[in-house]
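S.K.: Okay, handing you the structure first.
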Amino acid sequence: MTTTDQTSSAAPESRVQLALNVSDLDAAIGFYSELFRTEPHKVRPGYANFEVADPPLKLVLIEQPGGQSLNHIGVEVFSTERVIAETRRLGAAGLETRVEDGVVCCHAEQDKVWVSDPDGLAWEVYTVTDDEPAMIEIVTASGVPGDCDDPACCE
């Protein structure tokens, strides 16, 4: 086996996350289930996410009628250590970072760092530390208490 073959058969260390606002969650779930040939990983009122193997993608759907399609973009990594490393790397590159550790967002507890592109598009590098947190009340990114039905939790 060549080095290239070993690399391609290894589990990915990260995947892109795309969070979309959708006007009809059920219709969107049906569409993306067909498009990516997979069922949702998690469905909650006003929310669903897919863990797509091919291409490696975390697709998040947030029901928000009348909103713009794109909510935010992220890169899911699979350890807190990787989030810390990315925070250091981005900060050393001169990018303004905003760290959130142990936050409940998108119906999961996460450690993350946020950066914005030159046009203000929010990107997060995050890891899920608990996929089914017992917490009901969360604090949104703006610091306002809310619940997981609150689409602002991921903004």
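Each chain in the structure tokens gets a letter, A, B, ..., in the order shown, and its residues are numbered from 1; ligands are numbered from 1 in order too.
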Might you pull out every residue within 8 Å of Glu96 (chain A), with only C-alpha atoms counted and same-chain residues fewer than 6 positions away left off, and present them as a JSON list (two decimals) with N, CA, C and O atoms, in the first residue's frame?

M.R.:
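Writing done, so here's selection-v9.json:
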[["chain", "number", "residue", "atom", "x", "y", "z"],
["A", 90, "LEU", "N", -4.83, 30.68, 14.19],
["A", 90, "LEU", "CA", -5.56, 31.81, 13.64],
["A", 90, "LEU", "C", -5.17, 33.12, 14.32],
["A", 90, "LEU", "O", -5.01, 34.15, 13.67],
["A", 115, "VAL", "N", -14.15, 33.03, 13.72],
["A", 115, "VAL", "CA", -13.46, 34.09, 12.98],
["A", 115, "VAL", "C", -14.41, 34.55, 11.88],
["A", 115, "VAL", "O", -15.35, 33.84, 11.53],
["A", 116, "SER", "N", -14.16, 35.74, 11.37],
["A", 116, "SER", "CA", -14.99, 36.25, 10.27],
["A", 116, "SER", "C", -14.10, 36.57, 9.08],
["A", 116, "SER", "O", -12.97, 37.05, 9.25]]

S.K.: So that I can see what lies close to Arg15 (chain A), please list as a PyMOL selection string the residues with an atom at most 12 Å from it, counting only C-alpha atoms and leaving out residues fewer than 6 positions away in the same chain.

M.R.: chain A and resi 50-59+73-78+124-127

S.K.: In terms of the shortest atom-to-atom distance over only C-alpha atoms, which of A:Leu70, A:Glu132, A:Pro40, A:Pro65 is closest to Glu109 (chain A)?

M.R.: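 Among the listed residues, A:Glu132 lies closest to Glu109 (chain A).
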
S.K.: Could you go through chain A and tell me which residues DSSP, when run on the backbone, assigns to strand (DSSP E), listing them as a ChimeraX atom specification?

M.R.: /A:14-22,42-44,47-52,57-63,70-77,98-105,108-116,122-130,137-139,145-147

S.K.: Measure the distance from CA of Leu95 (chain A) to CA of Ala19 (chain A) in Å and round it to one decimal.

M.R.: 22.1 Å

S.K.: Give me, please, the distance in Å between CA of Val22 (chain A) and CA of Val128 (chain A), quoted to one decimal.

M.R.: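 A separation of 23.0 Å between them.
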
S.K.: For Val113 (chain A), please output as an MDAnalysis selection string all residues within 9 Å (counting only C-alpha atoms; exclusion window: fewer than 6 positions along the same chain).

M.R.: chainID A and resid 83:84 86:87 97:101 123:126

S.K.: Would you please give, as a VMD selection string, all residues of chain A that DSSP assigns to alpha helix (DSSP H) based on the backbone?

M.R.: chain A and resid 3 to 9 25 to 36 80 to 92

S.K.: Considering only C-alpha atoms, state which residue in the set A:Gln68, A:Leu18, A:His107, A:Ala27 is at the smallest distance from Val43 (chain A).

M.R.: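 Answer, going by the shortest atom-to-atom distance: A:His107.
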